[in-house]
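Undergrad: After the structure tokens below, expect a handful of questions from me.
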Amino acid sequence: MFDFLVLGGGSMATAMAYLLSNGGTRNVMMWLRNEKKAEEINRLKQNLEYLPSLILPNKVIATADLTEALNQSQRLVIAVPSNVVHTLLNQIQGNVDRKQIRILSVVKGLDCGTESRISVLVSRSLNVPLENFAVLSGPNFASELIGNTPSVTIIASINNETLFMFKEALESEHLIVYSSDDVAGVEIASVLKNIIAMVMGIVDGLGFGANTRGAVFTACMKEALDIGTHIFDAKPQTILGPACLGDAITTSFSSKSRNYLLGLLLAKKASSGNPEDSFLCEGRNNVRLIRNLAVRHGIKAPIIEFVYRIMEGVHAYPAFSSLWKDMKSLHFNDNGL
């Protein structure tokens, strides 16, 4: 049996497997859809596509057999793109113990079909109590998590046993793990911060200066606060903490951020590769879903509308002109946002 099972083969999945192994003292299994990649990880102890500099401990084992993987551990970390979670859950159904299973999601997105948060989708699909679920967000680049860079993250669950099981497994000398009971807030924060990073990439791609960057970033945080609290009942301190604000700062001003780089490409109207790429699809879907929810709840969201219009083909310059006009009517409360 394995102490943990990580579902996914990307950079964050690999980092999670490494951290959970605790320097090779725990047995961790990784499940990847690609059998050749799983064999490569087992042979080389490296994920050459995503984190080639990392040497995984011998106790981290990869497999492409999902049924085998689910038989090895009841403590799961879901680390796949949000647009493939539904397909994964269809494969998992009937292969887990709904009472014993504990799940940590590091997924950054909403479900396309139901517009649900991933924790809600998983709970309904697998008939797993929400008490058995935890979510993670924070200013975390996978490459820095594995490099012992001083970092923080936040895990939320409505059940302390579930929360502290994952918190204690991940926390280390270099990684501080904060705890929260605001599952919705931490979960939606991971979605909103990615959209903010796209926006800031677009702004930088248009060649504006630091003044513009600061003005738009502030507007982004105001909008994230409005959307998070009014649509998802997130606590304001969650949106203004490491789960959203901290992560937004990390991902909005670094070339390590794929969302920031996607924004740069959108500003230049450049190709971002295969239009069916999971990452691009996830970004597009999340922007569309958040926009639809904002419209339905009567929340004015010029930032979301800005990035949505560009993703739908409007040139970045006229889209920004519209955004700038909308920003003239923004009102900030006594707390700044």
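Identifiers in this document derive from the order of the structure tokens: chains are assigned A, B, ..., residues are numbered from 1 separately in each chain, and ligands are numbered from 1 in order of occurrence.
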Run DSSP on the backbone and tell me which residues of region 138-264 of chain A come out as strand (DSSP E); list them as a PyMOL selection string.

TA: chain A and resi 151-156+175-180

Undergrad: I need the chosen residues saved as a compact mmCIF listing (two decimals), in the first residue's frame, with C-alpha atoms.

TA:
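What follows is the written file out28.txt:
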```txt
# COMPACT_ATOMS: atom_id res chain seq x y z
CA SER A 151 7.05 29.37 0.47
CA VAL A 152 3.55 29.39 1.92
CA THR A 153 0.35 27.72 0.85
CA ILE A 154 -3.13 27.34 2.31
CA ILE A 155 -5.29 24.24 2.71
CA ALA A 156 -9.00 24.47 3.44
CA LEU A 175 6.96 25.32 3.34
CA ILE A 176 4.47 26.93 5.72
CA VAL A 177 0.96 25.54 5.34
CA TYR A 178 -1.85 27.75 6.63
CA SER A 179 -5.24 26.24 7.46
CA SER A 180 -8.75 27.49 6.68
```

Undergrad: Tell me, as an MDAnalysis selection string, which residues lie within 9 Å of Leu192 (chain A), counting only C-alpha atoms; anything in the same chain fewer than 3 positions away does not count.

TA: chainID A and resid 108:109 188:189 195:197 224 227:228 244 248 286:287 290

Undergrad: Quick one: contact table of region 267-324 of chain A to region 111-120 of chain A, 10 Å max, nearest atom pair and distance in Å to one decimal per residue, counting only C-alpha atoms, chain and number order, as a tab-separated table?

TA:
```
residue	atom	partner	partner_atom	distance
A:Glu282	CA	A:Cys112	CA	9.0
A:Asn285	CA	A:Cys112	CA	6.7
A:Asn286	CA	A:Cys112	CA	7.9
A:Arg288	CA	A:Cys112	CA	9.2
A:Leu289	CA	A:Glu115	CA	6.5
A:Ile290	CA	A:Glu115	CA	8.6
A:Asn292	CA	A:Glu115	CA	9.4
A:Leu293	CA	A:Glu115	CA	8.4
```

Undergrad: Taking into account only C-alpha atoms, which residue in the set A:Ile92, A:Ile103, A:Ile146, A:Val203 is nearest to Asn22 (chain A)?

TA: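 With only C-alpha atoms as the atom set, the closest residue is A:Ile146.
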
Undergrad: Could you pull out the helix (DSSP H, G or I) residues of region 116-262 of chain A, going by DSSP on the backbone, and write them as a compact mmCIF listing (two decimals) with N, CA and C atoms, in the first residue's frame?

TA:
```
# COMPACT_ATOMS: atom_id res chain seq x y z
N ILE A 118 -14.71 22.25 -8.05
CA ILE A 118 -14.26 20.86 -8.19
C ILE A 118 -14.63 20.02 -6.97
N SER A 119 -14.54 20.58 -5.77
CA SER A 119 -14.89 19.82 -4.58
C SER A 119 -16.34 19.38 -4.62
N VAL A 120 -17.23 20.25 -5.07
CA VAL A 120 -18.66 19.91 -5.17
C VAL A 120 -18.88 18.84 -6.24
N LEU A 121 -18.20 19.00 -7.38
CA LEU A 121 -18.32 18.02 -8.46
C LEU A 121 -17.85 16.64 -8.00
N VAL A 122 -16.70 16.58 -7.34
CA VAL A 122 -16.16 15.30 -6.88
C VAL A 122 -17.08 14.66 -5.85
N SER A 123 -17.55 15.48 -4.92
CA SER A 123 -18.43 14.97 -3.87
C SER A 123 -19.70 14.35 -4.46
N ARG A 124 -20.29 15.04 -5.43
CA ARG A 124 -21.52 14.52 -6.05
C ARG A 124 -21.24 13.29 -6.91
N SER A 125 -20.17 13.34 -7.68
CA SER A 125 -19.89 12.25 -8.62
C SER A 125 -19.51 10.96 -7.92
N LEU A 126 -18.72 11.08 -6.85
CA LEU A 126 -18.23 9.89 -6.15
C LEU A 126 -19.03 9.58 -4.90
N LEU A 130 -18.36 15.93 1.82
CA LEU A 130 -17.46 17.08 1.70
C LEU A 130 -16.46 17.14 2.85
N GLU A 131 -16.77 16.49 3.96
CA GLU A 131 -15.83 16.43 5.09
C GLU A 131 -14.55 15.71 4.73
N ASN A 132 -14.63 14.88 3.69
CA ASN A 132 -13.45 14.09 3.28
C ASN A 132 -12.59 14.83 2.26
N ALA A 142 5.71 25.29 -8.86
CA ALA A 142 6.19 23.95 -8.57
C ALA A 142 7.71 23.89 -8.53
N SER A 143 8.35 24.60 -9.45
CA SER A 143 9.82 24.56 -9.52
C SER A 143 10.47 25.13 -8.28
N GLU A 144 9.78 26.04 -7.58
CA GLU A 144 10.33 26.61 -6.35
C GLU A 144 9.98 25.76 -5.14
N LEU A 145 8.82 25.12 -5.17
CA LEU A 145 8.45 24.23 -4.07
C LEU A 145 9.46 23.10 -3.91
N ASN A 160 -11.39 19.13 10.31
CA ASN A 160 -10.01 19.33 10.78
C ASN A 160 -9.14 18.09 10.57
N GLU A 161 -9.73 16.91 10.70
CA GLU A 161 -8.94 15.68 10.51
C GLU A 161 -8.42 15.59 9.08
N THR A 162 -9.29 15.87 8.12
CA THR A 162 -8.88 15.85 6.72
C THR A 162 -7.84 16.93 6.45
N LEU A 163 -8.10 18.12 6.97
CA LEU A 163 -7.19 19.25 6.74
C LEU A 163 -5.80 18.95 7.26
N PHE A 164 -5.72 18.54 8.53
CA PHE A 164 -4.41 18.38 9.15
C PHE A 164 -3.66 17.16 8.66
N MET A 165 -4.37 16.18 8.10
CA MET A 165 -3.68 15.03 7.52
C MET A 165 -2.81 15.49 6.34
N PHE A 166 -3.39 16.33 5.47
CA PHE A 166 -2.63 16.83 4.33
C PHE A 166 -1.65 17.93 4.75
N LYS A 167 -2.05 18.77 5.67
CA LYS A 167 -1.18 19.85 6.15
C LYS A 167 0.11 19.29 6.74
N GLU A 168 -0.01 18.32 7.62
CA GLU A 168 1.16 17.74 8.27
C GLU A 168 2.04 16.98 7.28
N ALA A 169 1.41 16.40 6.25
CA ALA A 169 2.19 15.65 5.26
C ALA A 169 3.00 16.58 4.37
N LEU A 170 2.51 17.78 4.12
CA LEU A 170 3.17 18.70 3.20
C LEU A 170 4.09 19.69 3.88
N VAL A 183 -13.53 26.65 2.27
CA VAL A 183 -13.25 25.81 1.11
C VAL A 183 -13.58 26.55 -0.18
N ALA A 184 -14.76 27.16 -0.22
CA ALA A 184 -15.19 27.87 -1.44
C ALA A 184 -14.23 29.00 -1.76
N GLY A 185 -13.80 29.74 -0.73
CA GLY A 185 -12.91 30.87 -0.95
C GLY A 185 -11.56 30.47 -1.49
N VAL A 186 -10.96 29.45 -0.88
CA VAL A 186 -9.64 28.99 -1.33
C VAL A 186 -9.74 28.39 -2.72
N GLU A 187 -10.82 27.68 -2.98
CA GLU A 187 -10.97 27.02 -4.28
C GLU A 187 -11.18 28.04 -5.40
N ILE A 188 -12.04 29.03 -5.17
CA ILE A 188 -12.28 30.02 -6.24
C ILE A 188 -11.10 30.97 -6.36
N ALA A 189 -10.35 31.16 -5.28
CA ALA A 189 -9.15 32.01 -5.34
C ALA A 189 -8.17 31.49 -6.37
N SER A 190 -8.03 30.17 -6.45
CA SER A 190 -7.08 29.58 -7.40
C SER A 190 -7.51 29.78 -8.84
N VAL A 191 -8.81 30.00 -9.06
CA VAL A 191 -9.32 30.29 -10.41
C VAL A 191 -9.11 31.76 -10.74
N LEU A 192 -9.51 32.62 -9.80
CA LEU A 192 -9.46 34.06 -10.04
C LEU A 192 -8.03 34.56 -10.23
N LYS A 193 -7.09 34.02 -9.47
CA LYS A 193 -5.70 34.50 -9.59
C LYS A 193 -5.12 34.17 -10.97
N ASN A 194 -5.55 33.07 -11.57
CA ASN A 194 -5.06 32.74 -12.91
C ASN A 194 -5.59 33.73 -13.95
N ILE A 195 -6.85 34.14 -13.78
CA ILE A 195 -7.41 35.13 -14.69
C ILE A 195 -6.69 36.47 -14.52
N ILE A 196 -6.40 36.83 -13.28
CA ILE A 196 -5.65 38.07 -13.02
C ILE A 196 -4.29 38.02 -13.70
N ALA A 197 -3.63 36.88 -13.63
CA ALA A 197 -2.31 36.75 -14.27
C ALA A 197 -2.42 36.92 -15.78
N MET A 198 -3.48 36.39 -16.40
CA MET A 198 -3.69 36.60 -17.83
C MET A 198 -3.84 38.08 -18.14
N VAL A 199 -4.65 38.76 -17.33
CA VAL A 199 -4.89 40.19 -17.55
C VAL A 199 -3.60 40.97 -17.47
N MET A 200 -2.78 40.68 -16.47
CA MET A 200 -1.53 41.42 -16.31
C MET A 200 -0.56 41.11 -17.44
N GLY A 201 -0.61 39.89 -17.95
CA GLY A 201 0.20 39.57 -19.12
C GLY A 201 -0.23 40.36 -20.34
N ILE A 202 -1.54 40.53 -20.49
CA ILE A 202 -2.05 41.34 -21.61
C ILE A 202 -1.60 42.79 -21.47
N VAL A 203 -1.73 43.34 -20.27
CA VAL A 203 -1.33 44.74 -20.02
C VAL A 203 0.16 44.94 -20.33
N ASP A 204 0.98 44.02 -19.86
CA ASP A 204 2.42 44.14 -20.15
C ASP A 204 2.70 43.93 -21.63
N GLY A 205 1.94 43.03 -22.25
CA GLY A 205 2.13 42.78 -23.68
C GLY A 205 1.77 43.98 -24.54
N ALA A 210 4.45 50.87 -15.42
CA ALA A 210 4.16 50.42 -14.06
C ALA A 210 2.89 51.07 -13.51
N ASN A 211 2.62 52.31 -13.90
CA ASN A 211 1.40 52.97 -13.42
C ASN A 211 0.16 52.20 -13.85
N THR A 212 0.14 51.83 -15.13
CA THR A 212 -1.01 51.09 -15.66
C THR A 212 -1.12 49.73 -14.98
N ARG A 213 0.01 49.09 -14.81
CA ARG A 213 0.02 47.77 -14.19
C ARG A 213 -0.57 47.83 -12.78
N GLY A 214 -0.15 48.82 -12.00
CA GLY A 214 -0.66 48.94 -10.65
C GLY A 214 -2.14 49.26 -10.61
N ALA A 215 -2.59 50.12 -11.53
CA ALA A 215 -4.01 50.49 -11.58
C ALA A 215 -4.87 49.28 -11.93
N VAL A 216 -4.46 48.53 -12.94
CA VAL A 216 -5.26 47.39 -13.39
C VAL A 216 -5.21 46.27 -12.35
N PHE A 217 -4.07 46.06 -11.74
CA PHE A 217 -3.98 44.99 -10.72
C PHE A 217 -4.92 45.28 -9.56
N THR A 218 -4.98 46.54 -9.14
CA THR A 218 -5.89 46.91 -8.06
C THR A 218 -7.34 46.65 -8.47
N ALA A 219 -7.68 47.01 -9.71
CA ALA A 219 -9.03 46.76 -10.21
C ALA A 219 -9.32 45.25 -10.27
N CYS A 220 -8.31 44.48 -10.62
CA CYS A 220 -8.46 43.02 -10.65
C CYS A 220 -8.81 42.48 -9.26
N MET A 221 -8.12 42.96 -8.25
CA MET A 221 -8.36 42.48 -6.90
C MET A 221 -9.75 42.90 -6.40
N LYS A 222 -10.16 44.10 -6.76
CA LYS A 222 -11.52 44.54 -6.39
C LYS A 222 -12.56 43.62 -7.01
N GLU A 223 -12.36 43.30 -8.28
CA GLU A 223 -13.31 42.44 -8.97
C GLU A 223 -13.29 41.02 -8.41
N ALA A 224 -12.10 40.53 -8.09
CA ALA A 224 -11.98 39.19 -7.49
C ALA A 224 -12.71 39.15 -6.15
N LEU A 225 -12.60 40.22 -5.39
CA LEU A 225 -13.28 40.30 -4.10
C LEU A 225 -14.79 40.31 -4.29
N ASP A 226 -15.27 41.09 -5.26
CA ASP A 226 -16.71 41.15 -5.54
C ASP A 226 -17.24 39.78 -5.96
N ILE A 227 -16.55 39.16 -6.90
CA ILE A 227 -17.00 37.86 -7.42
C ILE A 227 -16.89 36.79 -6.35
N GLY A 228 -15.76 36.75 -5.66
CA GLY A 228 -15.55 35.72 -4.65
C GLY A 228 -16.56 35.77 -3.52
N THR A 229 -16.83 36.97 -3.02
CA THR A 229 -17.73 37.09 -1.87
C THR A 229 -19.20 37.00 -2.25
N HIS A 230 -19.59 37.58 -3.38
CA HIS A 230 -21.00 37.64 -3.73
C HIS A 230 -21.51 36.39 -4.45
N ILE A 231 -20.66 35.76 -5.23
CA ILE A 231 -21.11 34.56 -5.96
C ILE A 231 -20.80 33.29 -5.19
N PRO A 236 -13.79 37.57 2.76
CA PRO A 236 -12.90 38.59 2.20
C PRO A 236 -11.43 38.35 2.54
N GLN A 237 -11.16 37.87 3.75
CA GLN A 237 -9.76 37.64 4.15
C GLN A 237 -9.11 36.52 3.35
N THR A 238 -9.93 35.61 2.81
CA THR A 238 -9.37 34.56 1.96
C THR A 238 -8.92 35.14 0.62
N ILE A 239 -9.76 36.00 0.03
CA ILE A 239 -9.41 36.62 -1.24
C ILE A 239 -8.21 37.55 -1.08
N PRO A 242 -3.08 34.76 1.10
CA PRO A 242 -2.17 34.06 0.18
C PRO A 242 -2.87 33.27 -0.91
N ALA A 243 -4.11 32.82 -0.66
CA ALA A 243 -4.80 31.98 -1.65
C ALA A 243 -5.08 32.72 -2.95
N CYS A 244 -5.38 34.03 -2.85
CA CYS A 244 -5.69 34.79 -4.07
C CYS A 244 -4.71 35.94 -4.27
N LEU A 245 -4.69 36.90 -3.34
CA LEU A 245 -3.78 38.05 -3.51
C LEU A 245 -2.33 37.60 -3.59
N GLY A 246 -1.91 36.75 -2.66
CA GLY A 246 -0.52 36.28 -2.68
C GLY A 246 -0.18 35.54 -3.95
N ASP A 247 -1.09 34.66 -4.36
CA ASP A 247 -0.86 33.88 -5.58
C ASP A 247 -0.93 34.76 -6.81
N ALA A 248 -1.82 35.78 -6.78
CA ALA A 248 -1.92 36.69 -7.93
C ALA A 248 -0.63 37.48 -8.11
N ILE A 249 -0.04 37.92 -7.01
CA ILE A 249 1.24 38.64 -7.10
C ILE A 249 2.31 37.74 -7.70
N THR A 250 2.35 36.50 -7.25
CA THR A 250 3.35 35.55 -7.75
C THR A 250 3.18 35.29 -9.24
N THR A 251 1.95 35.06 -9.66
CA THR A 251 1.73 34.63 -11.05
C THR A 251 1.56 35.77 -12.04
N SER A 252 1.33 36.99 -11.53
CA SER A 252 1.04 38.12 -12.44
C SER A 252 2.28 38.85 -12.92
N ARG A 258 2.46 30.42 -16.55
CA ARG A 258 1.89 30.12 -17.87
C ARG A 258 0.73 31.05 -18.18
N ASN A 259 -0.03 31.43 -17.16
CA ASN A 259 -1.15 32.33 -17.39
C ASN A 259 -0.67 33.72 -17.79
N TYR A 260 0.39 34.19 -17.17
CA TYR A 260 0.97 35.48 -17.54
C TYR A 260 1.49 35.43 -18.98
N LEU A 261 2.17 34.34 -19.32
CA LEU A 261 2.69 34.19 -20.68
C LEU A 261 1.55 34.09 -21.70
N LEU A 262 0.46 33.44 -21.32
CA LEU A 262 -0.70 33.37 -22.19
C LEU A 262 -1.25 34.77 -22.45
```

Undergrad: Hey, which of A:Leu48, A:Arg102, A:Ile41, A:Leu66 ends up closest to Phe4 (chain A)? Count only C-alpha atoms.

TA: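 Once distances to Phe4 (chain A) are computed over only C-alpha atoms, the minimum belongs to A:Arg102.
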
Undergrad: Could you check how far CA of Pro302 (chain A) sits from CA of Asp326 (chain A), in Å to one decimal?

TA: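 Those two atoms sit 6.6 Å apart.
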